[in-house]
>>> print(open('start03.pdb').read())   # PDB, C-alpha atoms (C1' of nucleotides)
ATOM      1  CA  MET P 124      91.101 123.729  12.531
ATOM      2  CA  THR P 125      90.548 122.031   9.183
ATOM      3  CA  TYR P 126      87.499 121.203   7.125
ATOM      4  CA  GLY P 127      87.651 117.740   8.675
ATOM      5  CA  ASN P 128      86.885 119.182  12.098
ATOM      6  CA  VAL P 129      84.174 121.340  10.613
ATOM      7  CA  LEU P 130      82.479 118.402   8.915
ATOM      8  CA  GLN P 131      82.646 116.341  12.069
ATOM      9  CA  ALA P 132      81.292 119.219  14.144
ATOM     10  CA  LEU P 133      78.333 119.819  11.837
ATOM     11  CA  ALA P 134      77.550 116.122  11.468
ATOM     12  CA  ASP P 135      75.676 116.024  14.772
ATOM     13  CA  PRO P 136      72.039 117.207  14.532
ATOM     14  CA  THR P 137      72.015 118.867  17.946
ATOM     15  CA  ARG P 138      75.185 120.745  17.133
ATOM     16  CA  ARG P 139      73.704 121.871  13.829
ATOM     17  CA  ALA P 140      70.618 123.092  15.669
ATOM     18  CA  ILE P 141      72.814 125.179  17.955
ATOM     19  CA  PHE P 142      74.829 126.461  15.049
ATOM     20  CA  GLU P 143      71.742 127.453  13.066
ATOM     21  CA  ARG P 144      70.240 129.158  16.066
ATOM     22  CA  LEU P 145      73.216 131.496  16.174
ATOM     23  CA  ARG P 146      72.406 132.564  12.637
ATOM     24  CA  ARG P 147      70.245 135.400  13.940
ATOM     25  CA  GLY P 148      72.826 136.706  16.339
ATOM     26  CA  GLU P 149      74.721 135.973  19.522
ATOM     27  CA  LEU P 150      73.120 134.015  22.343
ATOM     28  CA  ALA P 151      73.993 132.936  25.882
ATOM     29  CA  VAL P 152      74.341 129.259  26.777
ATOM     30  CA  CYS P 153      71.189 129.163  28.895
ATOM     31  CA  ASP P 154      69.201 130.793  26.092
ATOM     32  CA  LEU P 155      70.539 128.225  23.666
ATOM     33  CA  ALA P 156      69.708 125.376  25.998
ATOM     34  CA  GLU P 157      66.003 126.104  26.340
ATOM     35  CA  GLY P 158      64.123 124.900  23.310
ATOM     36  CA  LEU P 159      66.674 122.154  22.759
ATOM     37  CA  PRO P 160      65.938 118.591  23.924
ATOM     38  CA  VAL P 161      69.224 118.318  25.833
ATOM     39  CA  SER P 162      70.587 119.660  29.089
ATOM     40  CA  ARG P 163      72.624 122.831  29.489
ATOM     41  CA  PRO P 164      75.936 121.031  30.112
ATOM     42  CA  ALA P 165      75.375 119.120  26.885
ATOM     43  CA  VAL P 166      75.056 122.447  25.083
ATOM     44  CA  SER P 167      78.293 123.603  26.688
ATOM     45  CA  GLN P 168      80.092 120.525  25.414
ATOM     46  CA  HIS P 169      78.701 121.030  21.919
ATOM     47  CA  LEU P 170      79.801 124.644  21.963
ATOM     48  CA  SER P 171      83.290 123.521  22.861
ATOM     49  CA  VAL P 172      83.386 121.306  19.768
ATOM     50  CA  LEU P 173      82.047 124.090  17.575
ATOM     51  CA  ARG P 174      84.617 126.490  18.965
ATOM     52  CA  LYS P 175      87.507 124.117  18.270
ATOM     53  CA  ALA P 176      86.231 123.772  14.715
ATOM     54  CA  GLY P 177      86.372 127.542  14.254
ATOM     55  CA  LEU P 178      82.634 127.780  13.769
ATOM     56  CA  VAL P 179      81.821 129.745  16.901
ATOM     57  CA  ASN P 180      83.174 132.561  19.008
ATOM     58  CA  GLU P 181      82.930 133.487  22.671
ATOM     59  CA  ARG P 182      82.365 136.805  24.378
ATOM     60  CA  ARG P 183      81.903 137.497  28.069
ATOM     61  CA  ASP P 184      79.132 139.701  29.327
ATOM     62  CA  GLY P 185      79.026 139.757  33.106
ATOM     63  CA  VAL P 186      78.122 136.312  34.335
ATOM     64  CA  ARG P 187      76.964 135.183  30.916
ATOM     65  CA  ARG P 188      78.914 134.037  27.886
ATOM     66  CA  LEU P 189      77.598 135.094  24.520
ATOM     67  CA  TYR P 190      78.357 132.848  21.572
ATOM     68  CA  ARG P 191      78.279 133.963  17.973
ATOM     69  CA  LEU P 192      79.226 132.633  14.573
ATOM     70  CA  GLU P 193      82.807 132.740  13.425
ATOM     71  CA  ARG P 194      83.899 132.849   9.811
ATOM     72  CA  ARG P 195      87.006 130.666   9.810
ATOM     73  CA  GLY P 196      85.368 127.261  10.052
ATOM     74  CA  LEU P 197      82.644 127.879   7.538
ATOM     75  CA  GLN P 198      85.164 129.438   5.197
ATOM     76  CA  ALA P 199      87.367 126.337   5.353
ATOM     77  CA  LEU P 200      84.391 124.134   4.522
ATOM     78  CA  ARG P 201      83.369 126.488   1.751
ATOM     79  CA  VAL P 202      86.742 126.305   0.050
ATOM     80  CA  TYR P 203      86.744 122.519   0.285
ATOM     81  CA  VAL P 204      83.258 122.121  -1.173
ATOM     82  CA  GLU P 205      83.785 124.622  -3.953
ATOM     83  CA  SER P 206      87.044 123.104  -5.156
ATOM     84  CA  PHE P 207      85.386 119.710  -5.141
ATOM     85  CA  TRP P 208      82.420 121.076  -6.981
ATOM     86  CA  ASP P 209      84.652 122.363  -9.762
ATOM     87  CA  ASP P 210      86.183 118.924 -10.169
ATOM     88  CA  VAL P 211      82.801 117.240 -10.232
ATOM     89  CA  LEU P 212      81.499 119.573 -12.896
ATOM     90  CA  GLU P 213      84.625 119.047 -14.946
ATOM     91  CA  SER P 214      84.422 115.267 -14.732
ATOM     92  CA  PHE P 215      80.774 115.351 -15.725
ATOM     93  CA  LYS P 216      81.596 117.580 -18.617
ATOM     94  CA  SER P 217      84.251 115.278 -20.082
ATOM     95  CA  GLU P 218      82.068 112.277 -19.365
ATOM     96  CA  ALA P 219      79.161 113.817 -21.235
ATOM     97  CA  GLU P 220      81.414 114.507 -24.173
ATOM     98  CA  ALA P 221      82.646 110.915 -24.221
ATOM     99  CA  GLN P 222      79.074 109.701 -24.048
ATOM    100  CA  HIS P 223      78.108 112.006 -26.865
ATOM    101  CA  GLN P 224      80.981 110.658 -28.937
ATOM    102  CA  LYS P 225      79.897 107.080 -28.362
ATOM    103  CA  THR P 226      76.337 107.953 -29.276
ATOM    104  CA  LYS P 227      77.418 109.465 -32.539
ATOM    105  CA  GLU P 228      79.468 106.378 -33.372
ATOM    106  CA  ARG P 229      76.561 104.046 -32.705
ATOM    107  CA  GLY P 230      74.109 106.296 -34.417
ATOM    108  CA  ASP P 231      71.421 106.251 -31.723
ATOM    109  CA  ASP P 232      70.205 108.807 -29.200
ATOM    110  CA  SER P 233      68.801 106.758 -26.319
ATOM    111  CA  ILE P 234      71.017 108.213 -23.617
ATOM    112  CA  ARG P 235      68.100 109.191 -21.435
ATOM    113  CA  SER P 236      66.696 105.672 -21.271
ATOM    114  CA  GLN P 237      68.344 104.955 -17.911
ATOM    115  CA  GLU P 238      67.060 107.995 -16.095
TER
ATOM    116  CA  MET N 154      69.017 112.713   0.996
ATOM    117  CA  THR N 155      69.606 116.021   2.778
ATOM    118  CA  TYR N 156      72.668 118.028   3.707
ATOM    119  CA  GLY N 157      72.469 116.367   7.101
ATOM    120  CA  ASN N 158      73.212 112.998   5.570
ATOM    121  CA  VAL N 159      75.968 114.527   3.481
ATOM    122  CA  LEU N 160      77.645 116.097   6.501
ATOM    123  CA  GLN N 161      77.424 112.880   8.451
ATOM    124  CA  ALA N 162      78.801 110.882   5.517
ATOM    125  CA  LEU N 163      81.775 113.198   5.007
ATOM    126  CA  ALA N 164      82.530 113.431   8.715
ATOM    127  CA  ASP N 165      84.362 110.104   8.723
ATOM    128  CA  PRO N 166      88.007 110.348   7.569
ATOM    129  CA  THR N 167      88.018 106.984   5.789
ATOM    130  CA  ARG N 168      84.881 107.910   3.922
ATOM    131  CA  ARG N 169      86.410 111.228   2.924
ATOM    132  CA  ALA N 170      89.490 109.397   1.655
ATOM    133  CA  ILE N 171      87.283 107.214  -0.523
ATOM    134  CA  PHE N 172      85.310 110.186  -1.711
ATOM    135  CA  GLU N 173      88.413 112.169  -2.608
ATOM    136  CA  ARG N 174      89.916 109.213  -4.424
ATOM    137  CA  LEU N 175      86.969 109.246  -6.778
ATOM    138  CA  ARG N 176      87.813 112.797  -7.707
ATOM    139  CA  ARG N 177      89.994 111.593 -10.577
ATOM    140  CA  GLY N 178      87.400 109.263 -11.987
ATOM    141  CA  GLU N 179      85.458 106.066 -11.385
ATOM    142  CA  LEU N 180      87.020 103.165  -9.513
ATOM    143  CA  ALA N 181      86.114  99.594  -8.602
ATOM    144  CA  VAL N 182      85.722  98.572  -4.962
ATOM    145  CA  CYS N 183      88.838  96.418  -4.919
ATOM    146  CA  ASP N 184      90.873  99.267  -6.422
ATOM    147  CA  LEU N 185      89.533 101.618  -3.776
ATOM    148  CA  ALA N 186      90.317  99.146  -1.008
ATOM    149  CA  GLU N 187      94.014  98.809  -1.722
ATOM    150  CA  GLY N 188      95.910 101.773  -0.365
ATOM    151  CA  LEU N 189      93.345 102.238   2.380
ATOM    152  CA  PRO N 190      94.034 100.913   5.894
ATOM    153  CA  VAL N 191      90.712  99.046   6.054
ATOM    154  CA  SER N 192      89.330  95.854   4.570
ATOM    155  CA  ARG N 193      87.313  95.608   1.369
ATOM    156  CA  PRO N 194      83.979  94.964   3.137
ATOM    157  CA  ALA N 195      84.563  98.106   5.162
ATOM    158  CA  VAL N 196      84.940 100.023   1.921
ATOM    159  CA  SER N 197      81.690  98.500   0.676
ATOM    160  CA  GLN N 198      79.889  99.681   3.785
ATOM    161  CA  HIS N 199      81.327 103.174   3.433
ATOM    162  CA  LEU N 200      80.267 103.275  -0.200
ATOM    163  CA  SER N 201      76.757 102.366   0.866
ATOM    164  CA  VAL N 202      76.671 105.370   3.195
ATOM    165  CA  LEU N 203      78.059 107.652   0.500
ATOM    166  CA  ARG N 204      75.484 106.375  -1.962
ATOM    167  CA  LYS N 205      72.590 107.005   0.403
ATOM    168  CA  ALA N 206      73.896 110.534   0.893
ATOM    169  CA  GLY N 207      73.791 111.135  -2.855
ATOM    170  CA  LEU N 208      77.536 111.593  -3.047
ATOM    171  CA  VAL N 209      78.339 108.533  -5.112
ATOM    172  CA  ASN N 210      76.991 106.541  -8.016
ATOM    173  CA  GLU N 211      77.202 102.915  -9.075
ATOM    174  CA  ARG N 212      77.793 101.320 -12.470
ATOM    175  CA  ARG N 213      78.237  97.669 -13.279
ATOM    176  CA  ASP N 214      81.022  96.493 -15.548
ATOM    177  CA  GLY N 215      81.110  92.717 -15.763
ATOM    178  CA  VAL N 216      81.950  91.334 -12.359
ATOM    179  CA  ARG N 217      83.126  94.695 -11.072
ATOM    180  CA  ARG N 218      81.198  97.693  -9.810
ATOM    181  CA  LEU N 219      82.535 101.080 -10.719
ATOM    182  CA  TYR N 220      81.780 103.948  -8.376
ATOM    183  CA  ARG N 221      81.901 107.586  -9.370
ATOM    184  CA  LEU N 222      80.977 110.935  -7.897
ATOM    185  CA  GLU N 223      77.399 112.111  -8.004
ATOM    186  CA  ARG N 224      76.353 115.735  -7.984
ATOM    187  CA  ARG N 225      73.226 115.669  -5.833
ATOM    188  CA  GLY N 226      74.832 115.288  -2.420
ATOM    189  CA  LEU N 227      77.581 117.806  -2.923
ATOM    190  CA  GLN N 228      75.113 120.230  -4.433
ATOM    191  CA  ALA N 229      72.878 119.971  -1.354
ATOM    192  CA  LEU N 230      75.835 120.716   0.905
ATOM    193  CA  ARG N 231      76.922 123.548  -1.345
ATOM    194  CA  VAL N 232      73.552 125.267  -1.150
ATOM    195  CA  TYR N 233      73.511 124.904   2.637
ATOM    196  CA  VAL N 234      76.994 126.309   3.125
ATOM    197  CA  GLU N 235      76.520 129.178   0.705
ATOM    198  CA  SER N 236      73.255 130.346   2.232
ATOM    199  CA  PHE N 237      74.855 130.207   5.644
ATOM    200  CA  TRP N 238      77.866 132.068   4.377
ATOM    201  CA  ASP N 239      75.685 134.905   3.142
ATOM    202  CA  ASP N 240      74.106 135.213   6.578
ATOM    203  CA  VAL N 241      77.461 135.209   8.307
ATOM    204  CA  LEU N 242      78.825 137.928   6.065
ATOM    205  CA  GLU N 243      75.707 139.996   6.614
ATOM    206  CA  SER N 244      75.864 139.653  10.396
ATOM    207  CA  PHE N 245      79.523 140.604  10.398
ATOM    208  CA  LYS N 246      78.767 143.576   8.247
ATOM    209  CA  SER N 247      76.085 144.999  10.545
ATOM    210  CA  GLU N 248      78.221 144.174  13.561
ATOM    211  CA  ALA N 249      81.166 146.057  12.092
ATOM    212  CA  GLU N 250      78.940 149.041  11.457
ATOM    213  CA  ALA N 251      77.674 149.009  15.021
ATOM    214  CA  GLN N 252      81.231 148.772  16.275
ATOM    215  CA  HIS N 253      82.252 151.632  14.051
ATOM    216  CA  GLN N 254      79.384 153.689  15.397
ATOM    217  CA  LYS N 255      80.438 153.019  18.969
ATOM    218  CA  THR N 256      84.007 153.902  18.120
ATOM    219  CA  LYS N 257      82.960 157.209  16.697
ATOM    220  CA  GLU N 258      80.903 157.983  19.787
ATOM    221  CA  ARG N 259      83.799 157.214  22.095
ATOM    222  CA  GLY N 260      86.281 158.950  19.882
ATOM    223  CA  ASP N 261      88.913 156.202  19.834
ATOM    224  CA  ASP N 262      90.099 153.671  17.251
ATOM    225  CA  SER N 263      91.386 150.734  19.285
ATOM    226  CA  ILE N 264      89.121 148.075  17.786
ATOM    227  CA  ARG N 265      92.031 145.870  16.813
ATOM    228  CA  SER N 266      93.390 145.622  20.337
ATOM    229  CA  GLN N 267      91.764 142.225  20.946
ATOM    230  CA  GLU N 268      93.082 140.503  17.858
TER
ATOM    231  C1'  DG A 133      79.906  72.136 -15.234
ATOM    232  C1'  DG A 134      83.803  73.663 -12.318
ATOM    233  C1'  DC A 135      86.496  77.348 -10.710
ATOM    234  C1'  DA A 136      88.079  82.072  -9.793
ATOM    235  C1'  DT A 137      87.093  86.925  -9.067
ATOM    236  C1'  DC A 138      84.455  90.734  -7.287
ATOM    237  C1'  DC A 139      81.200  92.197  -4.338
ATOM    238  C1'  DG A 140      77.402  92.924  -0.665
ATOM    239  C1'  DT A 141      75.590  91.476   3.733
ATOM    240  C1'  DA A 142      75.226  89.300   8.378
ATOM    241  C1'  DA A 143      77.032  88.803  12.955
ATOM    242  C1'  DG A 144      79.902  90.118  16.507
ATOM    243  C1'  DC A 145      83.112  93.221  18.766
ATOM    244  C1'  DA A 146      85.213  97.377  20.425
ATOM    245  C1'  DT A 147      85.709 102.164  20.558
ATOM    246  C1'  DA A 148      83.914 106.912  19.984
ATOM    247  C1'  DG A 149      80.909 110.072  21.508
ATOM    248  C1'  DA A 150      76.474 112.120  23.100
ATOM    249  C1'  DC A 151      74.069 112.464  27.245
ATOM    250  C1'  DT A 152      73.164 112.707  32.246
ATOM    251  C1'  DT A 153      74.050 114.115  37.169
ATOM    252  C1'  DA A 154      77.141 116.160  40.410
ATOM    253  C1'  DC A 155      80.336 119.466  41.502
ATOM    254  C1'  DG A 156      83.447 123.623  41.504
ATOM    255  C1'  DT A 157      84.182 128.451  39.955
ATOM    256  C1'  DA A 158      83.427 133.269  38.587
ATOM    257  C1'  DA A 159      80.541 137.299  38.526
ATOM    258  C1'  DG A 160      76.627 139.995  40.060
ATOM    259  C1'  DT A 161      73.247 141.408  44.081
ATOM    260  C1'  DG A 162      71.356 142.187  48.701
TER
ATOM    261  C1'  DC B 182      79.634 138.160  53.542
ATOM    262  C1'  DA B 183      75.768 135.114  52.169
ATOM    263  C1'  DC B 184      73.129 134.000  48.108
ATOM    264  C1'  DT B 185      71.897 133.525  43.282
ATOM    265  C1'  DT B 186      72.875 132.949  38.485
ATOM    266  C1'  DA B 187      75.484 131.243  34.551
ATOM    267  C1'  DC B 188      78.803 128.376  33.158
ATOM    268  C1'  DG B 189      82.500 124.668  32.438
ATOM    269  C1'  DT B 190      84.231 120.181  33.684
ATOM    270  C1'  DA B 191      84.557 115.422  35.632
ATOM    271  C1'  DA B 192      82.751 110.852  35.933
ATOM    272  C1'  DG B 193      79.856 107.387  34.465
ATOM    273  C1'  DT B 194      76.383 105.269  31.272
ATOM    274  C1'  DC B 195      74.563 103.833  26.997
ATOM    275  C1'  DT B 196      73.935 103.995  22.123
ATOM    276  C1'  DA B 197      75.836 104.588  17.477
ATOM    277  C1'  DT B 198      79.040 103.099  14.409
ATOM    278  C1'  DG B 199      83.363 101.626  12.227
ATOM    279  C1'  DC B 200      85.810  97.428  11.824
ATOM    280  C1'  DT B 201      86.614  92.452  11.347
ATOM    281  C1'  DT B 202      85.697  87.585   9.732
ATOM    282  C1'  DA B 203      82.579  84.496   7.482
ATOM    283  C1'  DC B 204      79.410  83.614   4.130
ATOM    284  C1'  DG B 205      76.532  83.616  -0.199
ATOM    285  C1'  DG B 206      75.377  85.444  -4.798
ATOM    286  C1'  DA B 207      76.584  87.101  -9.448
ATOM    287  C1'  DT B 208      79.597  87.201 -13.404
ATOM    288  C1'  DG B 209      83.317  85.617 -16.469
ATOM    289  C1'  DC B 210      86.508  82.101 -18.211
ATOM    290  C1'  DC B 211      88.195  77.273 -19.191
TER
END
>>> encode(input="start03.pdb", output="structure tokens")
Amino acid sequence: MTYGNVLQALADPTRRAIFERLRRGELAVCDLAEGLPVSRPAVSQHLSVLRKAGLVNERRDGVRRLYRLERRGLQALRVYVESFWDDVLESFKSEAEAQHQKTKERGDDSIRSQE
Amino acid sequence: MTYGNVLQALADPTRRAIFERLRRGELAVCDLAEGLPVSRPAVSQHLSVLRKAGLVNERRDGVRRLYRLERRGLQALRVYVESFWDDVLESFKSEAEAQHQKTKERGDDSIRSQE
DNA sequence: GGCATCCGTAAGCATAGACTTACGTAAGTG
DNA sequence: CACTTACGTAAGTCTATGCTTACGGATGCC
């Protein structure tokens, strides 16, 4: 269960649709299936992938199985993205400073010309 | 350029390796290729996908092309994940309260038995 | 001009994976 | 016990896509 699995799980549009549908609360497989353009077994297979990625949880209720969101997967992705985001901001910061330095040396201010 | 494209772009392990290599700063295609288990054209194709997802930027330097991280793609993913994260926390919060309520009604405290 | 380097793209191939239908199983209902 | 409902899984098909080799264009150097 790493962010790699999470990214791969959320890469598929159908799987994202399922995932986002669970945002409002737990749902059974048959309820998830209707409204989606794929068959119920397809939904089951997608749920299996989401579960292995730590994005989804299972709960039995009689003959039905209620699926709901799980924190672990999303948390793993969150940590990955945030740490990356810090690095990106930092690199842009130092880059901007270097650019500013160059500009001062040349004595012009046409940085925005390439935007 | 949506978070869907970003997720799909980062789902591939090779593409993630390229992306993470650019964390330390800009690199040319040939520099990116060595150390990776794929050919240089493959790297070019991956870079094309990353660029279309808004994750990567291009800059020419003589005969070389230097690639560096771009904020747009990662920012789109960040917004998506964070908004989702808020919802997940909220749903867990209300769920915990409901569970607590039930516990009080039954007069026991064995919530943790299923962990 | 002639040559080398760096790169993107086209074409073809092979595997991953998303989907379907068919089937077996578990739980509820009469 | 029959019957229904809800679900997972197996098997097979077909498309998407990641990879390779081959090629052509752009830039720099002599």
>>> atom_distance(input="start03.pdb", atom1="atom CA of Gln161 of chain N", atom2="atom CA of Val209 of chain N")
14.3 Å
>>> resolve_selection(input="start03.pdb", expression="the PyMOL selection byres ((chain B) within 12 of (chain N))", output="list in words")
DT198, DG199, DC200, DT201, DT202, DA203, DG206, DA207, DT208, DG209 and DC210 of chain B
>>> closest_residue(input="start03.pdb", among="A:DG140, A:DC151, A:DG156, A:DC135", to="chain N", atoms="all atoms listed in the file")
A:DG140
>>> closest_residue(input="start03.pdb", among="P:Val202, P:Leu192, P:Cys153, P:Val166", to="chain A", atoms="all atoms listed in the file")
P:Val166
>>> resolve_selection(input="start03.pdb", expression="the PyMOL selection byres ((chain A) within 10 of (chain P))", output="VMD selection string")
chain A and resid 150 to 152 158 to 160
>>> residues_around(input="start03.pdb", residues="DC155 of chain A", least_positions_apart="2", cutoff="12 Å", atoms="only C-alpha atoms (C1' of nucleotides)", output="number ranges by chain")
A: 153, 157; B: 189-192
>>> write_last_selection(input="start03.pdb", atoms="C-alpha atoms (C1' of nucleotides)", output="PDB file, in the frame of the given file")
ATOM      1  C1'  DT A 153      74.050 114.115  37.169  1.00  0.00           C
ATOM      2  C1'  DT A 157      84.182 128.451  39.955  1.00  0.00           C
TER       3       DT A 157
ATOM      4  C1'  DG B 189      82.500 124.668  32.438  1.00  0.00           C
ATOM      5  C1'  DT B 190      84.231 120.181  33.684  1.00  0.00           C
ATOM      6  C1'  DA B 191      84.557 115.422  35.632  1.00  0.00           C
ATOM      7  C1'  DA B 192      82.751 110.852  35.933  1.00  0.00           C
TER       8       DA B 192
END
>>> closest_atom_pairs(input="start03.pdb", of="chain N", to="chain P", cutoff="8 Å", atoms="only C-alpha atoms", output="JSON lines")
{"residue": "N:Gly157", "atom": "CA", "partner": "P:Ala134", "partner_atom": "CA", "distance": 6.7}
{"residue": "N:Asn158", "atom": "CA", "partner": "P:Ala134", "partner_atom": "CA", "distance": 8.0}
{"residue": "N:Leu160", "atom": "CA", "partner": "P:Ala134", "partner_atom": "CA", "distance": 5.0}
{"residue": "N:Gln161", "atom": "CA", "partner": "P:Ala134", "partner_atom": "CA", "distance": 4.4}
{"residue": "N:Leu163", "atom": "CA", "partner": "P:Leu130", "partner_atom": "CA", "distance": 6.5}
{"residue": "N:Ala164", "atom": "CA", "partner": "P:Gln131", "partner_atom": "CA", "distance": 4.4}
{"residue": "N:Asp165", "atom": "CA", "partner": "P:Gln131", "partner_atom": "CA", "distance": 7.3}
{"residue": "N:Pro166", "atom": "CA", "partner": "P:Gly127", "partner_atom": "CA", "distance": 7.5}
{"residue": "N:Arg176", "atom": "CA", "partner": "P:Asp210", "partner_atom": "CA", "distance": 6.8}
{"residue": "N:Arg177", "atom": "CA", "partner": "P:Ser214", "partner_atom": "CA", "distance": 7.9}
{"residue": "N:Gly178", "atom": "CA", "partner": "P:Ser214", "partner_atom": "CA", "distance": 7.2}
{"residue": "N:Leu222", "atom": "CA", "partner": "P:Val211", "partner_atom": "CA", "distance": 7.0}
{"residue": "N:Glu223", "atom": "CA", "partner": "P:Val211", "partner_atom": "CA", "distance": 7.8}
{"residue": "N:Arg224", "atom": "CA", "partner": "P:Val211", "partner_atom": "CA", "distance": 7.0}
{"residue": "N:Leu227", "atom": "CA", "partner": "P:Trp208", "partner_atom": "CA", "distance": 7.1}
{"residue": "N:Gln228", "atom": "CA", "partner": "P:Trp208", "partner_atom": "CA", "distance": 7.8}
{"residue": "N:Leu230", "atom": "CA", "partner": "P:Val204", "partner_atom": "CA", "distance": 7.8}
{"residue": "N:Arg231", "atom": "CA", "partner": "P:Val204", "partner_atom": "CA", "distance": 6.5}
{"residue": "N:Val234", "atom": "CA", "partner": "P:Arg201", "partner_atom": "CA", "distance": 6.5}
{"residue": "N:Glu235", "atom": "CA", "partner": "P:Arg201", "partner_atom": "CA", "distance": 7.4}
{"residue": "N:Phe237", "atom": "CA", "partner": "P:Arg146", "partner_atom": "CA", "distance": 7.8}
{"residue": "N:Trp238", "atom": "CA", "partner": "P:Leu197", "partner_atom": "CA", "distance": 7.1}
{"residue": "N:Asp240", "atom": "CA", "partner": "P:Arg146", "partner_atom": "CA", "distance": 6.8}
{"residue": "N:Val241", "atom": "CA", "partner": "P:Leu192", "partner_atom": "CA", "distance": 7.0}
{"residue": "N:Ser244", "atom": "CA", "partner": "P:Gly148", "partner_atom": "CA", "distance": 7.3}
>>> write_last_selection(input="start03.pdb", atoms="C-alpha atoms", output="compact mmCIF listing (two decimals), in the frame of the given file")
# COMPACT_ATOMS: atom_id res chain seq x y z
CA GLY N 157 72.47 116.37 7.10
CA ASN N 158 73.21 113.00 5.57
CA LEU N 160 77.64 116.10 6.50
CA GLN N 161 77.42 112.88 8.45
CA LEU N 163 81.78 113.20 5.01
CA ALA N 164 82.53 113.43 8.72
CA ASP N 165 84.36 110.10 8.72
CA PRO N 166 88.01 110.35 7.57
CA ARG N 176 87.81 112.80 -7.71
CA ARG N 177 89.99 111.59 -10.58
CA GLY N 178 87.40 109.26 -11.99
CA LEU N 222 80.98 110.94 -7.90
CA GLU N 223 77.40 112.11 -8.00
CA ARG N 224 76.35 115.74 -7.98
CA LEU N 227 77.58 117.81 -2.92
CA GLN N 228 75.11 120.23 -4.43
CA LEU N 230 75.83 120.72 0.90
CA ARG N 231 76.92 123.55 -1.34
CA VAL N 234 76.99 126.31 3.12
CA GLU N 235 76.52 129.18 0.70
CA PHE N 237 74.86 130.21 5.64
CA TRP N 238 77.87 132.07 4.38
CA ASP N 240 74.11 135.21 6.58
CA VAL N 241 77.46 135.21 8.31
CA SER N 244 75.86 139.65 10.40
>>> decode(input="start03.pdb", residues="segment 198-209 of chain B", atoms="C-alpha atoms (C1' of nucleotides)", output="PDB file, in the first residue's frame")
ATOM      1  C1'  DT B 198      -0.071   1.975 -23.889  1.00  0.00           C
ATOM      2  C1'  DG B 199       4.849   1.363 -22.873  1.00  0.00           C
ATOM      3  C1'  DC B 200       8.764  -0.131 -25.366  1.00  0.00           C
ATOM      4  C1'  DT B 201      11.898  -0.809 -29.284  1.00  0.00           C
ATOM      5  C1'  DT B 202      14.333   0.385 -33.732  1.00  0.00           C
ATOM      6  C1'  DA B 203      14.691   3.498 -37.540  1.00  0.00           C
ATOM      7  C1'  DC B 204      14.559   7.860 -39.278  1.00  0.00           C
ATOM      8  C1'  DG B 205      14.732  13.010 -39.963  1.00  0.00           C
ATOM      9  C1'  DG B 206      15.436  17.731 -38.218  1.00  0.00           C
ATOM     10  C1'  DA B 207      17.944  21.239 -35.530  1.00  0.00           C
ATOM     11  C1'  DT B 208      22.112  23.014 -33.477  1.00  0.00           C
ATOM     12  C1'  DG B 209      27.107  23.445 -32.705  1.00  0.00           C
TER      13       DG B 209
END
